[in-house]
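Undergrad: Input: one structure, supplied below.
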Amino acid sequence: MERGKADFRALREKLGITQNDIARYTHKTLKAVKDWEKETAGAIPPADVWEWLDDLDEARTEHIESIVARIQNMVQLHEGKPQAITLTYYRNAKDYAAYGRDSGSRDSWLQVNSTTRALAEALQRAGFDTVYRYPTDPDNAYRRAQRIE
């Protein structure tokens, strides 16, 4: 079945990627990317861009599955399930730059938050409770580990 403009937008938004991100990463114009989603434009996303998005989606899914498996292994080793798993959620790009971004990372805070939401869903399916916290919240494990005041 052929995927359409709405499928493209849904996948882009699922991954937390902006139209600007796609234009920049695929070396296409922003107008071209916008036309791929615009109902009235005849342009469709080229196969290489679909492949790039599909690869990102697959890598994200594998990453999430590996995190869930590691948490399940930790629970088995320590014979105790945590009350809830705290997941860091970023308010904006400034927070992500200050508290989350690894040097050299090209991910945006939108991509990270999107992956965090998907991770929460996967953890919940595996039977874990999850809570979101901003990096500056007093009860965020990141804050405690970094001693952010």
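Residues are referred to by chain and number: the chain letter is A, B, ... according to the order shown in the structure tokens, the number counts from 1 in that chain, and ligands are numbered separately from 1 in the order shown.
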Set out as a Markdown table a contact list for region 82-112 of chain A and region 8-22 of chain A with a cut-off of 10 Å, giving each residue of region 82-112 of chain A that qualifies its closest atom pair and distance in Å to one decimal, counting only C-alpha atoms, ordered by chain and rising residue number.

TA:
| residue | atom | partner | partner_atom | distance |
| --- | --- | --- | --- | --- |
| A:Arg106 | CA | A:Asp21 | CA | 9.8 |
| A:Asp107 | CA | A:Ile17 | CA | 8.9 |
| A:Ser108 | CA | A:Ile17 | CA | 7.9 |
| A:Trp109 | CA | A:Gly16 | CA | 8.3 |
| A:Leu110 | CA | A:Gly16 | CA | 4.9 |
| A:Gln111 | CA | A:Gly16 | CA | 4.1 |
| A:Val112 | CA | A:Gly16 | CA | 7.5 |

Undergrad: How about saving the chosen residues, N, CA and C atoms kept, as a PDB file, in the first residue's frame?

TA:
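Full text of part-v2.pdb as output:
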ATOM      1  N   ARG A 106      23.050  15.503  17.406  1.00  0.00           N
ATOM      2  CA  ARG A 106      22.276  16.301  16.461  1.00  0.00           C
ATOM      3  C   ARG A 106      20.793  16.255  16.785  1.00  0.00           C
ATOM      4  N   ASP A 107      20.420  15.462  17.803  1.00  0.00           N
ATOM      5  CA  ASP A 107      19.011  15.360  18.173  1.00  0.00           C
ATOM      6  C   ASP A 107      18.510  16.674  18.749  1.00  0.00           C
ATOM      7  N   SER A 108      17.259  16.977  18.497  1.00  0.00           N
ATOM      8  CA  SER A 108      16.641  18.151  19.091  1.00  0.00           C
ATOM      9  C   SER A 108      15.876  17.720  20.343  1.00  0.00           C
ATOM     10  N   TRP A 109      15.495  18.673  21.141  1.00  0.00           N
ATOM     11  CA  TRP A 109      14.713  18.386  22.340  1.00  0.00           C
ATOM     12  C   TRP A 109      13.373  17.766  21.952  1.00  0.00           C
ATOM     13  N   LEU A 110      12.844  18.126  20.796  1.00  0.00           N
ATOM     14  CA  LEU A 110      11.580  17.545  20.334  1.00  0.00           C
ATOM     15  C   LEU A 110      11.750  16.049  20.051  1.00  0.00           C
ATOM     16  N   GLN A 111      12.879  15.681  19.437  1.00  0.00           N
ATOM     17  CA  GLN A 111      13.145  14.267  19.167  1.00  0.00           C
ATOM     18  C   GLN A 111      13.315  13.495  20.470  1.00  0.00           C
ATOM     19  N   VAL A 112      14.046  14.076  21.401  1.00  0.00           N
ATOM     20  CA  VAL A 112      14.277  13.407  22.682  1.00  0.00           C
ATOM     21  C   VAL A 112      12.956  13.236  23.430  1.00  0.00           C
TER      22      VAL A 112
END

Undergrad: If you run DSSP on the backbone, which residues of region 4-87 of chain A are alpha helix (DSSP H), as a VMD selection string?

TA: chain A and resid 5 to 14 19 to 26 30 to 37 47 to 78

Undergrad: With distances taken over only C-alpha atoms, which of A:Arg133, A:Arg60, A:Arg70, A:Arg3 is nearest to Glu37 (chain A)?

TA: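 Result for the nearest residue to Glu37 (chain A): A:Arg3.
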
Undergrad: Which residues come within 10 Å of region 121-126 of chain A, counting only C-alpha atoms, excluding same-chain residues fewer than 5 positions away, as an NGL selection string?

TA: :A and (61 or 64-65 or 67-69 or 71-72 or 84-85 or 115-116)

Undergrad: Rounded to one decimal, what separation in Å do you get between CA of Thr130 (chain A) and CA of Arg117 (chain A)?

TA: 10.0 Å

Undergrad: Could you tell me how far CA of Ala6 (chain A) sits from CA of Leu53 (chain A), in Å to one decimal place?

TA: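 So the answer is 14.0 Å.
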
Undergrad: So which one's closest to Pro45 (chain A), A:Arg91, A:Lys5, A:Lys81, A:Arg24? Using only C-alpha atoms, please.

TA: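 Going through A:Arg91, A:Lys5, A:Lys81, A:Arg24 one by one, the smallest distance to Pro45 (chain A) is for A:Lys5.
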
Undergrad: With only C-alpha atoms as the basis for distance, which of A:Thr88, A:Asp7, A:His63, A:Ala43 is at the shortest distance from Tyr132 (chain A)?

TA: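 Answer, going by the shortest atom-to-atom distance: A:Thr88.
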